[in-house]
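Structure file model37.cif (mmCIF, C-alpha atoms and all ligand atoms) follows.
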```cif
data_work
#
loop_
_atom_site.label_atom_id
_atom_site.label_comp_id
_atom_site.auth_asym_id
_atom_site.auth_seq_id
_atom_site.Cartn_x
_atom_site.Cartn_y
_atom_site.Cartn_z
CA MET L 1 -19.46 -28.16 -5.82
CA GLU L 2 -19.74 -26.58 -2.37
CA ILE L 3 -19.98 -22.78 -2.36
CA ARG L 4 -18.83 -21.64 1.06
CA ARG L 5 -20.01 -18.16 2.05
CA ILE L 6 -17.53 -15.94 3.92
CA GLY L 7 -19.17 -12.98 5.62
CA ILE L 8 -17.06 -9.81 5.70
CA ILE L 9 -17.83 -6.65 7.66
CA MET L 10 -16.28 -3.90 5.52
CA ASN L 11 -15.75 -0.78 7.61
CA GLY L 12 -14.80 2.66 6.32
CA VAL L 13 -15.23 1.68 2.68
CA THR L 14 -16.71 5.04 1.73
CA GLY L 15 -13.11 6.35 1.55
CA ARG L 16 -10.77 6.40 -1.41
CA MET L 17 -8.99 3.09 -0.74
CA GLY L 18 -12.01 1.33 0.71
CA THR L 19 -14.25 2.03 -2.27
CA ASN L 20 -11.81 1.67 -5.15
CA GLN L 21 -9.36 -0.99 -4.15
CA HIS L 22 -11.23 -3.09 -1.59
CA LEU L 23 -14.94 -2.89 -2.35
CA GLU L 24 -14.86 -2.47 -6.12
CA ARG L 25 -11.66 -4.05 -7.40
CA SER L 26 -11.26 -6.80 -4.77
CA ILE L 27 -14.49 -8.05 -3.19
CA THR L 28 -16.98 -7.07 -5.91
CA ALA L 29 -14.57 -8.29 -8.62
CA THR L 30 -14.16 -11.61 -6.77
CA ILE L 31 -17.93 -12.13 -6.56
CA GLU L 32 -18.31 -11.17 -10.22
CA GLN L 33 -15.75 -13.78 -11.26
CA GLY L 34 -17.74 -16.44 -9.35
CA GLY L 35 -15.78 -16.44 -6.07
CA VAL L 36 -12.41 -17.98 -5.23
CA ARG L 37 -12.35 -21.46 -6.69
CA VAL L 38 -10.02 -23.44 -4.45
CA SER L 39 -10.69 -26.90 -5.90
CA ASP L 40 -13.16 -28.74 -8.11
CA ASP L 41 -15.27 -29.24 -4.99
CA LEU L 42 -15.02 -25.90 -3.21
CA THR L 43 -15.50 -22.20 -3.99
CA LEU L 44 -15.22 -19.41 -1.42
CA MET L 45 -17.79 -16.68 -1.90
CA PRO L 46 -17.39 -13.35 -0.10
CA ASP L 47 -20.56 -11.77 1.26
CA PRO L 48 -19.94 -8.21 2.52
CA ILE L 49 -21.92 -5.94 4.80
CA LEU L 50 -20.81 -2.30 4.58
CA THR L 51 -20.45 -0.30 7.80
CA GLY L 52 -19.62 3.34 8.45
CA ARG L 53 -21.09 6.61 9.66
CA SER L 54 -22.97 7.90 6.65
CA GLU L 55 -26.15 5.99 5.86
CA ASN L 56 -26.57 7.72 2.50
CA LYS L 57 -23.05 7.00 1.31
CA LEU L 58 -23.26 3.37 2.44
CA LYS L 59 -26.62 2.92 0.72
CA ALA L 60 -25.28 4.31 -2.57
CA LEU L 61 -22.22 2.03 -2.48
CA ALA L 62 -24.27 -1.00 -1.43
CA GLU L 63 -26.64 -0.42 -4.37
CA LYS L 64 -23.98 0.26 -6.96
CA TYR L 65 -21.60 -2.60 -6.19
CA GLY L 66 -24.16 -5.10 -4.88
CA GLN L 67 -26.20 -4.76 -8.06
CA ARG L 68 -23.09 -5.26 -10.12
CA ALA L 69 -21.98 -8.35 -8.20
CA ASN L 70 -25.23 -10.10 -7.25
CA GLY L 71 -28.03 -8.25 -8.97
CA ARG L 72 -29.15 -6.96 -5.54
CA ALA L 73 -27.78 -4.39 -3.07
CA TYR L 74 -25.23 -5.43 -0.48
CA LYS L 75 -26.31 -5.16 3.14
CA TYR L 76 -25.18 -2.05 5.01
CA THR L 77 -25.58 -0.50 8.43
CA THR L 78 -24.28 2.37 10.57
CA ASP L 79 -24.52 0.01 13.56
CA LEU L 80 -21.04 -1.55 13.56
CA GLN L 81 -21.45 -3.04 17.04
CA GLY L 82 -24.67 -4.70 15.89
CA ALA L 83 -22.87 -6.15 12.86
CA LEU L 84 -20.08 -7.45 15.10
CA ASP L 85 -22.70 -8.94 17.46
CA GLY L 86 -24.27 -10.87 14.61
CA LYS L 87 -27.48 -8.81 14.53
CA TYR L 88 -27.46 -8.71 10.72
CA GLY L 89 -26.19 -12.20 10.01
CA ALA L 90 -22.99 -14.20 10.50
CA TYR L 91 -19.78 -12.42 9.48
CA GLU L 92 -16.44 -14.00 10.31
CA ILE L 93 -14.08 -11.32 8.97
CA PHE L 94 -13.79 -7.69 10.04
CA PHE L 95 -12.02 -5.43 7.55
CA ASP L 96 -11.08 -1.80 8.20
CA ALA L 97 -10.12 0.91 5.69
CA SER L 98 -11.11 3.88 7.84
CA GLY L 99 -8.62 6.59 8.80
CA THR L 100 -5.40 5.48 10.50
CA LEU L 101 -6.28 7.13 13.82
CA GLN L 102 -9.63 5.33 13.93
CA ARG L 103 -8.08 1.88 13.38
CA ALA L 104 -7.15 0.93 16.97
CA ASN L 105 -10.66 1.41 18.32
CA PHE L 106 -12.18 -0.66 15.50
CA ILE L 107 -9.61 -3.44 15.90
CA GLU L 108 -10.32 -3.57 19.63
CA MET L 109 -14.06 -3.91 18.92
CA ALA L 110 -13.40 -6.69 16.40
CA VAL L 111 -11.08 -8.52 18.82
CA LYS L 112 -13.83 -8.49 21.47
CA ALA L 113 -16.19 -9.96 18.87
CA GLY L 114 -13.64 -12.69 18.01
CA LYS L 115 -13.42 -11.85 14.30
CA ALA L 116 -10.60 -12.59 11.88
CA ILE L 117 -9.14 -9.12 11.29
CA TYR L 118 -7.78 -7.61 8.10
CA CYS L 119 -7.01 -3.91 7.70
CA GLU L 120 -5.28 -1.17 5.78
CA LYS L 121 -1.83 0.07 6.68
CA PRO L 122 -0.55 1.77 8.74
CA THR L 123 -2.22 0.06 11.71
CA ALA L 124 -1.20 3.05 13.90
CA THR L 125 1.07 6.07 13.74
CA GLU L 126 3.29 4.87 16.61
CA ALA L 127 5.20 1.60 16.79
CA ALA L 128 4.22 0.85 20.39
CA GLU L 129 0.54 1.15 19.45
CA ALA L 130 0.98 -1.00 16.32
CA HIS L 131 2.69 -3.72 18.41
CA ARG L 132 -0.02 -3.44 21.10
CA LEU L 133 -2.66 -4.17 18.44
CA ALA L 134 -0.59 -7.11 17.16
CA ASP L 135 -0.34 -8.40 20.77
CA LEU L 136 -4.12 -8.09 21.16
CA VAL L 137 -4.99 -10.19 18.11
CA GLU L 138 -2.27 -12.74 18.84
CA LYS L 139 -3.35 -13.18 22.47
CA ALA L 140 -6.93 -13.62 21.33
CA GLY L 141 -5.71 -16.26 18.83
CA LEU L 142 -7.35 -14.46 15.90
CA LYS L 143 -6.32 -14.70 12.28
CA ASN L 144 -5.11 -11.30 11.16
CA GLY L 145 -3.53 -9.42 8.31
CA VAL L 146 -2.43 -6.04 7.02
CA VAL L 147 -2.58 -4.78 3.45
CA GLN L 148 0.88 -5.02 1.81
CA ASP L 149 -0.41 -4.63 -1.72
CA LYS L 150 2.77 -3.47 -3.47
CA LEU L 151 4.18 -7.00 -3.23
CA TRP L 152 1.71 -8.11 -5.89
CA LEU L 153 2.26 -5.25 -8.32
CA PRO L 154 3.08 -6.77 -11.72
CA SER L 155 6.41 -4.92 -11.72
CA PHE L 156 7.59 -6.22 -8.34
CA ARG L 157 6.53 -9.76 -9.24
CA LYS L 158 8.74 -9.41 -12.33
CA VAL L 159 11.61 -8.07 -10.21
CA ALA L 160 11.25 -11.08 -7.88
CA MET L 161 11.37 -13.34 -10.95
CA LEU L 162 14.49 -11.59 -12.31
CA LYS L 163 16.16 -11.96 -8.93
CA GLU L 164 15.31 -15.64 -8.73
CA LEU L 165 16.67 -16.15 -12.25
CA GLY L 166 19.96 -14.59 -11.14
CA PHE L 167 19.59 -11.79 -13.71
CA PHE L 168 21.16 -9.11 -11.47
CA GLY L 169 24.23 -11.03 -10.31
CA GLU L 170 25.10 -9.36 -7.03
CA ILE L 171 22.68 -6.51 -6.29
CA LEU L 172 24.67 -3.36 -5.55
CA SER L 173 22.04 -0.66 -5.04
CA VAL L 174 18.31 0.03 -5.22
CA ARG L 175 16.97 3.50 -5.95
CA GLY L 176 13.28 4.27 -5.56
CA GLU L 177 11.63 7.46 -6.71
CA PHE L 178 8.02 7.82 -5.58
CA GLY L 179 5.82 10.81 -6.04
CA TYR L 180 3.74 13.16 -8.07
CA TRP L 181 2.20 16.59 -7.75
CA VAL L 182 -0.72 16.62 -5.32
CA PHE L 183 -2.65 19.78 -6.03
CA THR L 184 -2.93 22.09 -3.07
CA GLY L 185 -6.50 23.13 -3.82
CA MET L 186 -5.28 26.75 -3.82
CA ASP L 187 -5.17 27.07 -7.64
CA ILE L 188 -8.31 27.84 -9.58
CA ASP L 189 -10.12 24.72 -10.86
CA GLN L 190 -7.40 22.38 -9.57
CA PRO L 191 -8.88 20.40 -6.65
CA ALA L 192 -6.56 18.21 -4.56
CA GLN L 193 -6.55 14.50 -5.47
CA ARG L 194 -5.70 13.18 -2.00
CA PRO L 195 -7.61 13.60 1.30
CA SER L 196 -6.57 16.65 3.34
CA TRP L 197 -5.82 14.62 6.50
CA ASN L 198 -2.72 13.31 4.68
CA TYR L 199 -1.11 16.73 5.29
CA ARG L 200 -1.99 17.06 9.00
CA ALA L 201 0.13 15.19 11.56
CA GLU L 202 -2.62 15.52 14.19
CA ASP L 203 -4.96 13.53 11.87
CA GLY L 204 -2.47 10.73 11.15
CA GLY L 205 -1.00 12.30 7.99
CA GLY L 206 2.57 12.52 6.72
CA ILE L 207 4.42 10.90 3.85
CA MET L 208 6.94 9.11 6.09
CA ILE L 209 4.29 7.19 8.03
CA ASP L 210 2.42 6.56 4.77
CA MET L 211 5.28 5.39 2.55
CA PHE L 212 7.89 3.89 4.90
CA CYS L 213 5.31 1.19 5.78
CA HIS L 214 5.41 0.23 2.10
CA TRP L 215 9.18 0.52 1.75
CA GLN L 216 9.64 -1.75 4.79
CA TYR L 217 7.83 -4.76 3.31
CA VAL L 218 8.91 -4.09 -0.29
CA ILE L 219 12.60 -3.91 0.67
CA SER L 220 12.63 -6.74 3.18
CA ASN L 221 10.64 -9.12 0.95
CA LEU L 222 12.49 -8.35 -2.29
CA PHE L 223 16.01 -7.40 -1.22
CA GLY L 224 16.58 -8.48 2.41
CA PRO L 225 16.40 -7.27 6.00
CA ILE L 226 17.10 -3.59 6.79
CA LYS L 227 19.95 -2.93 9.23
CA SER L 228 19.88 0.84 9.64
CA LEU L 229 18.53 4.02 8.11
CA VAL L 230 19.08 7.71 7.79
CA ALA L 231 16.16 9.93 6.80
CA HIS L 232 15.15 13.51 6.32
CA GLY L 233 11.67 14.90 5.90
CA ASN L 234 10.19 18.27 5.13
CA ILE L 235 6.91 20.14 4.87
CA ASP L 236 7.48 21.55 1.38
CA ILE L 237 4.06 23.20 1.11
CA ASP L 238 2.70 24.67 4.30
CA GLU L 239 -0.81 25.69 3.30
CA ARG L 240 -3.41 23.70 1.36
CA ARG L 241 -7.15 23.83 0.94
CA HIS L 242 -9.55 21.46 2.73
CA GLU L 243 -12.20 19.41 0.85
CA ASP L 244 -14.76 22.10 1.78
CA GLY L 245 -12.56 24.83 0.30
CA THR L 246 -11.23 26.36 3.51
CA PRO L 247 -7.45 26.79 3.84
CA TYR L 248 -5.58 24.80 6.50
CA LYS L 249 -2.04 24.74 7.82
CA CYS L 250 0.01 21.66 6.80
CA THR L 251 1.64 20.07 9.83
CA ALA L 252 2.91 16.80 8.31
CA ASP L 253 5.87 16.04 6.07
CA ASP L 254 5.01 15.88 2.36
CA SER L 255 8.55 14.93 1.27
CA ALA L 256 10.88 12.31 2.73
CA TYR L 257 14.35 11.18 1.72
CA ALA L 258 15.81 7.96 3.09
CA MET L 259 18.75 5.62 2.80
CA PHE L 260 18.10 2.10 4.06
CA LEU L 261 21.25 0.03 4.53
CA LEU L 262 20.54 -3.70 4.35
CA GLU L 263 22.21 -6.33 6.51
CA ASP L 264 24.14 -7.60 3.46
CA GLY L 265 25.44 -4.09 2.71
CA THR L 266 23.06 -3.26 -0.16
CA MET L 267 22.05 0.40 -0.22
CA CYS L 268 18.34 1.14 -0.88
CA GLN L 269 17.66 4.82 -1.32
CA PHE L 270 14.05 6.01 -1.57
CA ASN L 271 12.73 9.50 -2.26
CA SER L 272 9.03 10.05 -1.53
CA SER L 273 7.23 13.27 -2.34
CA TRP L 274 3.79 14.71 -3.07
CA CYS L 275 5.49 17.87 -4.36
CA VAL L 276 7.27 16.70 -7.51
CA ARG L 277 6.33 16.58 -11.18
CA PRO L 278 7.37 13.23 -12.68
CA ARG L 279 9.43 12.97 -15.84
CA ARG L 280 10.00 9.24 -15.52
CA ASP L 281 8.19 6.04 -16.49
CA ASP L 282 5.70 5.93 -13.63
CA LEU L 283 4.61 7.40 -10.27
CA LEU L 284 6.92 4.92 -8.59
CA THR L 285 10.09 3.79 -10.31
CA VAL L 286 12.64 1.53 -8.68
CA GLU L 287 16.08 1.02 -10.23
CA ILE L 288 17.92 -2.14 -9.24
CA HIS L 289 21.57 -2.23 -10.22
CA GLY L 290 23.58 -5.44 -10.10
CA THR L 291 26.92 -6.72 -11.33
CA LYS L 292 25.30 -8.60 -14.22
CA GLY L 293 22.31 -6.44 -15.02
CA SER L 294 19.99 -3.63 -14.03
CA ALA L 295 16.22 -3.21 -14.06
CA VAL L 296 13.88 -0.25 -13.82
CA ALA L 297 10.45 -1.12 -12.43
CA GLY L 298 7.37 1.07 -12.70
CA LEU L 299 4.01 0.01 -11.28
CA ARG L 300 3.42 -2.55 -14.02
CA GLU L 301 6.30 -2.65 -16.49
CA VAL L 302 9.95 -3.51 -15.99
CA TYR L 303 12.85 -2.67 -18.32
CA THR L 304 16.14 -4.54 -18.13
CA GLN L 305 19.67 -3.99 -19.33
CA SER L 306 22.24 -6.76 -19.03
CA VAL L 307 25.96 -6.24 -18.77
CA ALA L 308 26.26 -7.40 -22.41
CA ASN L 309 24.16 -4.56 -23.80
CA THR L 310 25.29 -1.80 -21.46
CA PRO L 311 26.54 1.20 -23.50
CA LYS L 312 29.89 2.80 -22.71
CA PRO L 313 29.38 6.54 -22.20
CA VAL L 314 32.21 9.07 -22.20
CA TRP L 315 31.77 12.32 -20.27
CA ASN L 316 31.82 15.23 -22.71
CA PRO L 317 29.41 18.11 -22.14
CA ASP L 318 30.83 19.94 -25.16
CA ILE L 319 28.90 17.78 -27.64
CA PRO L 320 25.26 16.67 -27.70
CA GLN L 321 24.84 13.33 -25.92
CA PRO L 322 25.50 10.70 -28.63
CA ILE L 323 23.78 7.85 -26.79
CA ASN L 324 20.05 7.57 -26.36
CA PHE L 325 20.10 5.80 -23.01
CA TYR L 326 16.47 4.69 -23.34
CA ASP L 327 17.39 2.58 -26.40
CA GLY L 328 19.47 0.10 -24.46
CA TRP L 329 16.63 -1.32 -22.36
CA GLU L 330 14.33 -4.28 -23.01
CA LEU L 331 10.76 -4.57 -21.79
CA VAL L 332 10.01 -7.69 -19.72
CA PRO L 333 7.01 -9.24 -21.52
CA ASN L 334 3.68 -9.82 -19.80
CA ASN L 335 3.64 -13.59 -20.22
CA ILE L 336 0.87 -14.01 -17.67
CA SER L 337 -2.08 -11.80 -16.80
CA TYR L 338 -1.65 -9.87 -13.57
CA ASP L 339 -4.67 -9.44 -11.35
CA ASN L 340 -5.24 -6.41 -9.05
CA ALA L 341 -2.64 -6.47 -6.27
CA PHE L 342 -5.16 -5.84 -3.46
CA LYS L 343 -7.44 -8.57 -4.83
CA ILE L 344 -4.61 -11.10 -4.85
CA GLN L 345 -3.86 -10.41 -1.20
CA TRP L 346 -7.58 -10.55 -0.32
CA GLU L 347 -7.80 -13.98 -1.95
CA MET L 348 -4.85 -15.17 0.14
CA PHE L 349 -6.49 -13.86 3.31
CA LEU L 350 -9.82 -15.56 2.46
CA ARG L 351 -7.98 -18.84 1.93
CA HIS L 352 -6.13 -18.30 5.22
CA VAL L 353 -9.42 -17.83 7.08
CA ALA L 354 -11.35 -20.61 5.36
CA LEU L 355 -8.64 -23.20 4.76
CA ASP L 356 -5.92 -22.36 7.31
CA GLU L 357 -3.43 -21.67 4.54
CA PRO L 358 -0.39 -19.69 5.74
CA PHE L 359 -0.54 -15.90 5.60
CA ARG L 360 2.52 -14.03 6.79
CA TYR L 361 1.34 -10.43 6.26
CA SER L 362 0.13 -10.14 9.84
CA LEU L 363 -0.47 -7.16 12.15
CA ARG L 364 2.96 -7.97 13.61
CA GLU L 365 4.52 -7.60 10.14
CA GLY L 366 2.54 -4.38 9.63
CA ALA L 367 3.92 -3.05 12.92
CA LYS L 368 7.44 -3.34 11.47
CA GLY L 369 6.44 -0.79 8.84
CA VAL L 370 5.16 1.62 11.49
CA GLU L 371 8.41 1.05 13.37
CA LEU L 372 10.47 1.94 10.29
CA ALA L 373 8.50 5.17 9.88
CA GLU L 374 9.01 6.02 13.54
CA LEU L 375 12.76 5.41 13.23
CA GLY L 376 12.74 7.62 10.13
CA MET L 377 11.19 10.43 12.19
CA ILE L 378 13.82 9.92 14.91
CA SER L 379 16.63 10.01 12.34
CA TRP L 380 15.20 13.20 10.84
CA LYS L 381 14.66 14.98 14.16
CA GLU L 382 17.99 13.89 15.68
CA ARG L 383 19.91 14.15 12.38
CA ARG L 384 21.59 10.72 12.66
CA TRP L 385 21.74 7.07 11.47
CA VAL L 386 19.41 4.79 13.42
CA ASP L 387 19.62 0.98 13.80
CA VAL L 388 16.54 -1.06 12.86
CA GLY L 389 15.21 -4.00 14.85
N1 LIG F 1 -2.40 0.38 0.81
C1 LIG F 1 -2.24 1.57 0.26
O1 LIG F 1 -1.54 1.73 -0.73
C2 LIG F 1 -2.91 2.77 0.86
C3 LIG F 1 -3.01 3.94 0.10
C4 LIG F 1 -3.66 5.05 0.65
C5 LIG F 1 -4.19 4.98 1.92
N2 LIG F 1 -4.05 3.84 2.66
C6 LIG F 1 -4.60 3.77 4.03
O2 LIG F 1 -5.99 3.51 3.95
C7 LIG F 1 -6.68 4.21 4.99
C8 LIG F 1 -7.76 5.10 4.35
O3 LIG F 1 -7.14 6.05 3.51
P1 LIG F 1 -7.93 6.81 2.36
O4 LIG F 1 -6.92 7.44 1.49
O5 LIG F 1 -8.95 5.90 1.77
O6 LIG F 1 -8.63 7.94 3.22
P2 LIG F 1 -10.11 8.55 3.10
O7 LIG F 1 -10.10 9.77 3.93
O8 LIG F 1 -10.50 8.66 1.66
O9 LIG F 1 -11.03 7.43 3.73
C9 LIG F 1 -11.17 7.21 5.11
C10 LIG F 1 -12.56 6.69 5.34
O10 LIG F 1 -12.72 6.39 6.72
C11 LIG F 1 -13.98 6.87 7.11
N3 LIG F 1 -14.00 7.11 8.54
C12 LIG F 1 -13.30 8.05 9.23
N4 LIG F 1 -13.65 8.00 10.52
C13 LIG F 1 -14.54 6.98 10.64
C14 LIG F 1 -15.26 6.44 11.72
N5 LIG F 1 -15.12 6.92 12.96
N6 LIG F 1 -16.11 5.43 11.47
C15 LIG F 1 -16.23 4.92 10.24
N7 LIG F 1 -15.59 5.40 9.17
C16 LIG F 1 -14.75 6.42 9.37
C17 LIG F 1 -14.16 8.14 6.32
O11 LIG F 1 -15.52 8.53 6.26
C18 LIG F 1 -13.65 7.69 4.96
O12 LIG F 1 -14.66 7.02 4.26
C19 LIG F 1 -5.62 5.00 5.75
O13 LIG F 1 -5.23 4.31 6.90
C20 LIG F 1 -4.46 5.07 4.78
O14 LIG F 1 -3.21 5.17 5.42
C21 LIG F 1 -3.43 2.74 2.14
#
```

Rendering of file as structure tokens:
Amino acid sequence: MEIRRIGIIMNGVTGRMGTNQHLERSITATIEQGGVRVSDDLTLMPDPILTGRSENKLKALAEKYGQRANGRAYKYTTDLQGALDGKYGAYEIFFDASGTLQRANFIEMAVKAGKAIYCEKPTATEAAEAHRLADLVEKAGLKNGVVQDKLWLPSFRKVAMLKELGFFGEILSVRGEFGYWVFTGMDIDQPAQRPSWNYRAEDGGGIMIDMFCHWQYVISNLFGPIKSLVAHGNIDIDERRHEDGTPYKCTADDSAYAMFLLEDGTMCQFNSSWCVRPRRDDLLTVEIHGTKGSAVAGLREVYTQSVANTPKPVWNPDIPQPINFYDGWELVPNNISYDNAFKIQWEMFLRHVALDEPFRYSLREGAKGVELAELGMISWKERRWVDVG
């Protein structure tokens, strides 16, 4: 059995996504499970070096996760250029989970070093910049990819299965409700659970740029290409408290409402908000309604109702509702075990780099998400429908 090492420079992994989803639940989990076994003869084994600005934070992460994975600390350095130059060993992949506004500079450095490039979304806050970065990696002939994790959520995999089985009949509409209450930091003993830059446009924040990137690949992969959109955004809460406790002015939208009309006429309506208190199954729920059946997907579970067991309500507000609408739904069973969505995509990218397997979640695809967000902003500001693509 050959164990092929794949060196990965992991940049900006001291952040929320970098630490939890990429370092811990993807790369460390992959090493812990013995690598990616691609055949009886070959296993791919990731070998990360952590890069960033804070030596202390990097050291702590390298110790904690390296010990867990290998029984010894991962390598780390604040010298990213040195890592790209091969000063600390051979690393063929550059991965970036730093802030959105930092991404372009890091991608440019990695392109110059000829690395395969994988990074978080969005790749930029403007479509022209996102396409410029895609041009750069393509012209340099480098393998590249963008995180599109939601595609591998257990719930969306089940929705794809239901669709393939013909469960829905003709899909008529899709309704997504995303959001939860993000504490402002202004209330006593209630710290915010998201980074403060998310609420400042000048730092790359805003829910439209954050979530429309996701809606673009979720909708186009599951339901079809988007033809046009109309969107509205708002800054619901205009003052929050910074991580260090000081108040700051919110300059980015924290709520966004959008209707995406697909080329085949299907309407996909998505609400996104960090200023709502959920009374629904999950932080994201997507209803899919078709002629033969409907489904409601959370992050993991999916409930279905076929035309045969659809109740027949009669409008009468003068009596208590006689139907418990929750009773008429069936849970799709978990007949397989579902791995972490980020880890699944990482495995595909590692196989793409090592074995030339296809990988279509490229920087170019990621740029389409940035484009959708930009069109959403245009629709909001100009109060009109906008064509996509
Ligand atoms: N795929 C998803 O579902 C998803 C979810 C949330 C965030 N994101 C994206 O992931 C990225 C990170 O978001 P986050 O929520 O983890 O934010 P965060 O603020 O927690 O993390 C950002 C990290 O980048 C580091 N950083 C900033 N400037 C740097 C620099 N010059 N050099 C090196 N490191 C630098 C910060 O120290 C921090 O560790 C963003 O682009 C965001 O849009 C993706």

Do you know which residues are within 7 Å of ligand LIG 1 (chain F) using all atoms listed in the file? Can you write them as a ChimeraX atom specification? /L:11-18,52-53,97-100,102,120-122,147-149,194-195,197,210

Atom pair CA of Leu299 (chain L) + CA of Arg241 (chain L), distance 29.0 Å

Using all atoms listed in the file - which residues lie no farther than 7 Å from the point (4.2, -1.5, 11.4) in the file's frame? Write them as a count of residues only. 13

Atom pair CA of Ser272 (chain L) / CA of Ile219 (chain L): separation (Å): 14.6 Å

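If you measure from each of L:Gly389, L:Ile323, L:Phe270, L:Gly71 to Phe212 (chain L) using all atoms listed in the file, the closest one turns out to be L:Phe270.
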
Quick one: everything within 9 Å of Lys115 (chain L), counting only C-alpha atoms, minus sequence neighbours fewer than 4 positions away in the same chain. Send it as a PDB file with C-alpha atoms, in the frame of the given file.
```pdb
ATOM      1  CA  LEU L  84     -20.080  -7.450  15.100  1.00  0.00           C
ATOM      2  CA  TYR L  91     -19.780 -12.420   9.480  1.00  0.00           C
ATOM      3  CA  GLU L  92     -16.440 -14.000  10.310  1.00  0.00           C
ATOM      4  CA  ILE L  93     -14.080 -11.320   8.970  1.00  0.00           C
ATOM      5  CA  PHE L  94     -13.790  -7.690  10.040  1.00  0.00           C
ATOM      6  CA  ALA L 110     -13.400  -6.690  16.400  1.00  0.00           C
ATOM      7  CA  VAL L 111     -11.080  -8.520  18.820  1.00  0.00           C
ATOM      8  CA  LEU L 142      -7.350 -14.460  15.900  1.00  0.00           C
ATOM      9  CA  LYS L 143      -6.320 -14.700  12.280  1.00  0.00           C
ATOM     10  CA  ASN L 144      -5.110 -11.300  11.160  1.00  0.00           C
TER      11      ASN L 144
END
```
